[in-house]
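*Asks:* Sending over protein-v9.pdb (PDB, C-alpha atoms).
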```
ATOM      1  CA  MET A  20    -110.271 -49.608  19.690
ATOM      2  CA  LEU A  21    -106.626 -50.274  20.440
ATOM      3  CA  VAL A  22    -103.834 -49.126  18.146
ATOM      4  CA  LEU A  23    -103.036 -52.731  17.274
ATOM      5  CA  ASP A  24    -106.668 -53.332  16.329
ATOM      6  CA  VAL A  25    -106.425 -50.494  13.805
ATOM      7  CA  VAL A  26    -103.176 -51.889  12.401
ATOM      8  CA  CYS A  27    -104.719 -55.346  12.121
ATOM      9  CA  LEU A  28    -107.759 -53.942  10.359
ATOM     10  CA  MET A  29    -105.341 -52.597   7.771
ATOM     11  CA  VAL A  30    -103.269 -55.770   7.347
ATOM     12  CA  GLY A  31    -105.403 -58.735   8.193
ATOM     13  CA  ASN A  32    -107.816 -60.245  10.637
ATOM     14  CA  PRO A  33    -108.764 -57.823  13.437
ATOM     15  CA  THR A  34    -110.463 -60.379  15.667
ATOM     16  CA  VAL A  35    -107.262 -62.324  16.210
ATOM     17  CA  CYS A  36    -105.163 -59.268  17.073
ATOM     18  CA  GLU A  37    -107.410 -57.721  19.699
ATOM     19  CA  GLY A  38    -106.131 -57.457  23.220
ATOM     20  CA  ASN A  39    -103.578 -55.520  25.211
ATOM     21  CA  GLN A  40    -100.780 -55.903  22.677
ATOM     22  CA  MET A  41     -98.931 -52.872  21.339
ATOM     23  CA  THR A  42     -97.954 -52.070  17.762
ATOM     24  CA  ASP A  43     -94.452 -53.319  18.572
ATOM     25  CA  ASP A  44     -96.003 -56.760  18.856
ATOM     26  CA  LEU A  45     -97.208 -56.597  15.250
ATOM     27  CA  ALA A  46     -93.695 -55.647  14.142
ATOM     28  CA  ALA A  47     -92.377 -58.634  16.089
ATOM     29  CA  ILE A  48     -94.951 -60.927  14.451
ATOM     30  CA  GLU A  49     -93.962 -59.623  11.016
ATOM     31  CA  ALA A  50     -90.278 -60.199  11.843
ATOM     32  CA  ARG A  51     -91.065 -63.783  12.885
ATOM     33  CA  PHE A  52     -93.006 -64.210   9.649
ATOM     34  CA  ASP A  53     -89.942 -62.987   7.728
ATOM     35  CA  ASP A  54     -87.956 -65.697   9.513
ATOM     36  CA  ALA A  55     -90.592 -68.329   8.713
ATOM     37  CA  MET A  56     -90.514 -67.394   5.037
ATOM     38  CA  MET A  57     -86.710 -67.566   4.964
ATOM     39  CA  ASN A  58     -86.959 -70.943   6.687
ATOM     40  CA  VAL A  59     -89.229 -72.171   3.878
ATOM     41  CA  TYR A  60     -86.537 -71.200   1.383
ATOM     42  CA  ARG A  61     -83.837 -73.007   3.383
ATOM     43  CA  ARG A  62     -85.942 -76.126   3.870
ATOM     44  CA  ALA A  63     -86.771 -76.323   0.161
ATOM     45  CA  LEU A  64     -83.071 -76.058  -0.611
ATOM     46  CA  ASN A  65     -81.917 -78.563   2.017
ATOM     47  CA  GLU A  66     -84.763 -81.079   1.964
ATOM     48  CA  CYS A  67     -85.812 -80.946  -1.698
ATOM     49  CA  HIS A  68     -82.674 -79.676  -3.381
ATOM     50  CA  TYR A  69     -84.820 -76.901  -4.834
ATOM     51  CA  ASN A  70     -83.151 -73.506  -5.075
ATOM     52  CA  ALA A  71     -86.006 -71.010  -5.104
ATOM     53  CA  ALA A  72     -83.772 -68.152  -6.255
ATOM     54  CA  ARG A  73     -86.637 -65.904  -7.395
ATOM     55  CA  PHE A  74     -88.418 -66.416  -4.062
ATOM     56  CA  LEU A  75     -85.225 -65.460  -2.208
ATOM     57  CA  GLN A  76     -84.887 -62.311  -4.345
ATOM     58  CA  MET A  77     -88.475 -61.405  -3.496
ATOM     59  CA  LEU A  78     -87.815 -61.885   0.222
ATOM     60  CA  TYR A  79     -84.842 -59.540   0.078
ATOM     61  CA  ALA A  80     -86.729 -56.970  -1.980
ATOM     62  CA  HIS A  81     -90.124 -57.092  -0.238
ATOM     63  CA  ARG A  82     -89.690 -59.032   3.031
ATOM     64  CA  GLY A  83     -91.956 -61.903   3.946
ATOM     65  CA  LEU A  84     -95.386 -60.339   4.249
ATOM     66  CA  GLU A  85     -95.366 -58.476   0.946
ATOM     67  CA  THR A  86     -93.782 -61.456  -0.828
ATOM     68  CA  ALA A  87     -96.567 -63.679   0.495
ATOM     69  CA  ARG A  88     -99.214 -61.243  -0.696
ATOM     70  CA  ILE A  89     -97.651 -60.876  -4.149
ATOM     71  CA  LEU A  90     -97.578 -64.648  -4.623
ATOM     72  CA  LEU A  91    -101.008 -65.177  -3.095
ATOM     73  CA  HIS A  92    -102.706 -62.596  -5.294
ATOM     74  CA  ALA A  93    -101.024 -63.724  -8.518
ATOM     75  CA  SER A  94    -103.388 -64.988 -11.198
ATOM     76  CA  LYS A  95    -101.633 -68.361 -11.299
ATOM     77  CA  VAL A  96     -99.313 -70.357  -9.101
ATOM     78  CA  SER A  97     -95.596 -69.656  -9.314
ATOM     79  CA  GLU A  98     -93.010 -71.924 -10.876
ATOM     80  CA  GLY A  99     -91.770 -72.530  -7.346
ATOM     81  CA  TYR A 100     -95.197 -73.723  -6.245
ATOM     82  CA  VAL A 101     -95.282 -76.176  -9.142
ATOM     83  CA  ALA A 102     -91.732 -77.343  -8.370
ATOM     84  CA  LEU A 103     -92.719 -78.046  -4.760
ATOM     85  CA  TRP A 104     -95.907 -79.799  -5.900
ATOM     86  CA  GLU A 105     -93.815 -82.038  -8.187
ATOM     87  CA  ARG A 106     -91.674 -82.892  -5.156
ATOM     88  CA  LYS A 107     -94.798 -83.556  -3.058
ATOM     89  CA  ARG A 108     -93.814 -80.749  -0.674
ATOM     90  CA  LEU A 109     -96.681 -78.282  -0.709
ATOM     91  CA  ASP A 110     -96.043 -77.957   3.029
ATOM     92  CA  LEU A 111     -93.184 -75.658   1.981
ATOM     93  CA  THR A 112     -95.351 -73.258  -0.007
ATOM     94  CA  VAL A 113     -96.281 -69.749   1.051
ATOM     95  CA  GLU A 114     -99.916 -70.848   0.953
ATOM     96  CA  SER A 115     -99.259 -73.501   3.549
ATOM     97  CA  VAL A 116     -97.201 -71.192   5.762
ATOM     98  CA  ILE A 117     -99.802 -68.431   5.973
ATOM     99  CA  LEU A 118    -102.468 -70.852   7.175
ATOM    100  CA  ALA A 119    -100.606 -71.379  10.456
ATOM    101  CA  THR A 120    -102.561 -69.937  13.369
ATOM    102  CA  GLU A 121     -99.741 -67.653  14.475
ATOM    103  CA  TRP A 122     -99.984 -65.646  11.221
ATOM    104  CA  ARG A 123    -103.761 -65.133  11.295
ATOM    105  CA  CYS A 124    -103.555 -61.454  12.185
ATOM    106  CA  LEU A 125    -101.354 -60.795   9.144
ATOM    107  CA  PHE A 126    -103.825 -62.117   6.569
ATOM    108  CA  SER A 127    -107.494 -61.535   5.885
ATOM    109  CA  GLU A 128    -109.924 -64.422   5.800
ATOM    110  CA  LEU A 129    -110.162 -63.880   2.013
ATOM    111  CA  GLU A 130    -106.391 -64.329   1.678
ATOM    112  CA  ARG A 131    -106.482 -67.429   3.858
ATOM    113  CA  GLU A 132    -109.308 -68.815   1.709
ATOM    114  CA  ILE A 133    -107.269 -68.223  -1.462
ATOM    115  CA  ALA A 134    -104.452 -70.234   0.113
ATOM    116  CA  ARG A 135    -106.790 -73.059   1.212
ATOM    117  CA  LYS A 136    -108.391 -73.300  -2.238
ATOM    118  CA  ARG A 137    -105.072 -73.254  -4.056
ATOM    119  CA  LEU A 138    -103.697 -76.046  -1.869
ATOM    120  CA  ALA A 139    -106.908 -78.057  -2.263
ATOM    121  CA  GLU A 140    -106.743 -77.701  -6.065
ATOM    122  CA  TYR A 141    -103.379 -79.441  -5.910
ATOM    123  CA  GLY A 142    -104.615 -82.161  -3.562
ATOM    124  CA  TYR A 143    -103.055 -80.900  -0.353
ATOM    125  CA  ASN A 144    -104.853 -80.579   2.978
ATOM    126  CA  PRO A 145    -102.610 -78.813   5.531
ATOM    127  CA  ASN A 146    -104.788 -80.060   8.395
ATOM    128  CA  ALA A 147    -104.455 -83.709   7.386
ATOM    129  CA  GLN A 148    -100.767 -83.794   6.516
ATOM    130  CA  ALA A 149     -98.082 -82.809   8.973
ATOM    131  CA  SER A 150     -94.867 -81.390   7.571
ATOM    132  CA  PRO A 151     -91.783 -83.571   8.137
TER     133      PRO A 151
END
```
Could you write out this structure as structure tokens?

*Replies:*
Amino acid sequence: MLVLDVVCLMVGNPTVCEGNQMTDDLAAIEARFDDAMMNVYRRALNECHYNAARFLQMLYAHRGLETARILLHASKVSEGYVALWERKRLDLTVESVILATEWRCLFSELEREIARKRLAEYGYNPNAQASP
């Protein structure tokens, strides 16, 4: 088992992370995920005029991966999720972001299923609707 496989077993889906990659690659993926999460904040602000201040605070305090997990494992959706749903922009939710193929090794299949179910409950299918 490669070092990265062990890391991926701890943080997400091991089958996606197998290969000749090194642990530095996982750090790079997490850094890109941080950027993607910050981009979600910026897009919500610019495209929807929604200032997700609490989300931004969480990103600064916990970075992207932990923020995603905190929101994903919450017992109910956040106020930000509801605000984006009201604006018909669930494509800008954490749940939608983590379902992208490039983040598969960061999240378990259970976490991805939570995201899929939550989006479906609010009438959003990320496979059927492309983000603008």

*Asks:* For A:Asp54, which residue out of A:Cys124, A:Leu84, A:Ala71, A:Ile133 is the nearest one, using only C-alpha atoms?

*Replies:*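 Of all the options, A:Leu84 lies closest to A:Asp54.
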
*Asks:* Could you pull the residues within 8 Å of A:Ile117, counting all atoms listed in the file, minus those fewer than 4 positions along the same chain, as a list in words?

*Replies:*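 In the requested form, the answer reads Ala87, Val113, Trp122, Arg123, Phe126, Arg131 and Ala134 of chain A.
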
*Asks:* Take the PyMOL selection byres ((chain A and resi 139-144) around 12), apply it to the structure above, and return the hits as number ranges by chain.

*Replies:* A: 95-96, 100-101, 103-105, 107-112, 114-115, 118, 132-138, 145-150

*Asks:* Just C-alpha atoms for this one: save the residues we selected as a PDB file, in the frame of the given file.

*Replies:*
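Okay, part.pdb is ready:
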```pdb
ATOM      1  CA  LYS A  95    -101.633 -68.361 -11.299  1.00  0.00           C
ATOM      2  CA  VAL A  96     -99.313 -70.357  -9.101  1.00  0.00           C
ATOM      3  CA  TYR A 100     -95.197 -73.723  -6.245  1.00  0.00           C
ATOM      4  CA  VAL A 101     -95.282 -76.176  -9.142  1.00  0.00           C
ATOM      5  CA  LEU A 103     -92.719 -78.046  -4.760  1.00  0.00           C
ATOM      6  CA  TRP A 104     -95.907 -79.799  -5.900  1.00  0.00           C
ATOM      7  CA  GLU A 105     -93.815 -82.038  -8.187  1.00  0.00           C
ATOM      8  CA  LYS A 107     -94.798 -83.556  -3.058  1.00  0.00           C
ATOM      9  CA  ARG A 108     -93.814 -80.749  -0.674  1.00  0.00           C
ATOM     10  CA  LEU A 109     -96.681 -78.282  -0.709  1.00  0.00           C
ATOM     11  CA  ASP A 110     -96.043 -77.957   3.029  1.00  0.00           C
ATOM     12  CA  LEU A 111     -93.184 -75.658   1.981  1.00  0.00           C
ATOM     13  CA  THR A 112     -95.351 -73.258  -0.007  1.00  0.00           C
ATOM     14  CA  GLU A 114     -99.916 -70.848   0.953  1.00  0.00           C
ATOM     15  CA  SER A 115     -99.259 -73.501   3.549  1.00  0.00           C
ATOM     16  CA  LEU A 118    -102.468 -70.852   7.175  1.00  0.00           C
ATOM     17  CA  GLU A 132    -109.308 -68.815   1.709  1.00  0.00           C
ATOM     18  CA  ILE A 133    -107.269 -68.223  -1.462  1.00  0.00           C
ATOM     19  CA  ALA A 134    -104.452 -70.234   0.113  1.00  0.00           C
ATOM     20  CA  ARG A 135    -106.790 -73.059   1.212  1.00  0.00           C
ATOM     21  CA  LYS A 136    -108.391 -73.300  -2.238  1.00  0.00           C
ATOM     22  CA  ARG A 137    -105.072 -73.254  -4.056  1.00  0.00           C
ATOM     23  CA  LEU A 138    -103.697 -76.046  -1.869  1.00  0.00           C
ATOM     24  CA  PRO A 145    -102.610 -78.813   5.531  1.00  0.00           C
ATOM     25  CA  ASN A 146    -104.788 -80.060   8.395  1.00  0.00           C
ATOM     26  CA  ALA A 147    -104.455 -83.709   7.386  1.00  0.00           C
ATOM     27  CA  GLN A 148    -100.767 -83.794   6.516  1.00  0.00           C
ATOM     28  CA  ALA A 149     -98.082 -82.809   8.973  1.00  0.00           C
ATOM     29  CA  SER A 150     -94.867 -81.390   7.571  1.00  0.00           C
TER      30      SER A 150
END
```

*Asks:* Axis-aligned box over every listed atom of stretch 74-87 of chain A, padded by 5 Å per side: centre and edges in Å to one decimal, as AutoDock Vina command-line options?

*Replies:*
```
--center_x -90.7 --center_y -61.7 --center_z 0.0 --size_x 21.7 --size_y 19.4 --size_z 18.6
```

*Asks:* Find the residues around A:Glu49 up to 8 Å (all atoms listed in the file counted), leave out those fewer than 4 positions away in its own chain, and share them as a PyMOL selection string.

*Replies:* chain A and resi 45+53+83-84+125

*Asks:* Please, what distance in Å, to one decimal, runs between atom CA of A:Ala63 and atom CA of A:Arg106?

*Replies:*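 Straight-line distance from atom CA of A:Ala63 to atom CA of A:Arg106 works out to 9.8 Å.
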
*Asks:* Rounded to one decimal place, report the atom CA of A:His92-atom CA of A:Met57 distance in Å.

*Replies:*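 Rounded to one decimal, the two atoms are 19.6 Å apart.
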
*Asks:* Choose the residue, out of A:Leu91, A:Ala72, A:Leu64, A:Met77, that has the smallest atom-to-atom separation from A:Ser127; count only C-alpha atoms.

*Replies:*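 For A:Ser127, the nearest of the candidates is A:Leu91.
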
*Asks:* Go through A:Leu129, A:Ala93, A:Ala47, A:Leu78 one by one, measure the shortest atom-to-atom distance of each to A:Val59 using all atoms listed in the file, and give the residue with the smallest value.

*Replies:*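 The answer is A:Leu78, which sits nearest to A:Val59.
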
*Asks:* Using only C-alpha atoms, find the one residue out of A:Ala50, A:Glu130, A:Asn58, A:Asp44 that sits nearest to A:Leu90.

*Replies:*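 Closest candidate: A:Glu130.
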
*Asks:* Nearest to A:Leu75 among A:Phe52, A:Val116, A:Ser94, A:Gly99, with distances taken over all atoms listed in the file: which residue is it?

*Replies:* A:Gly99
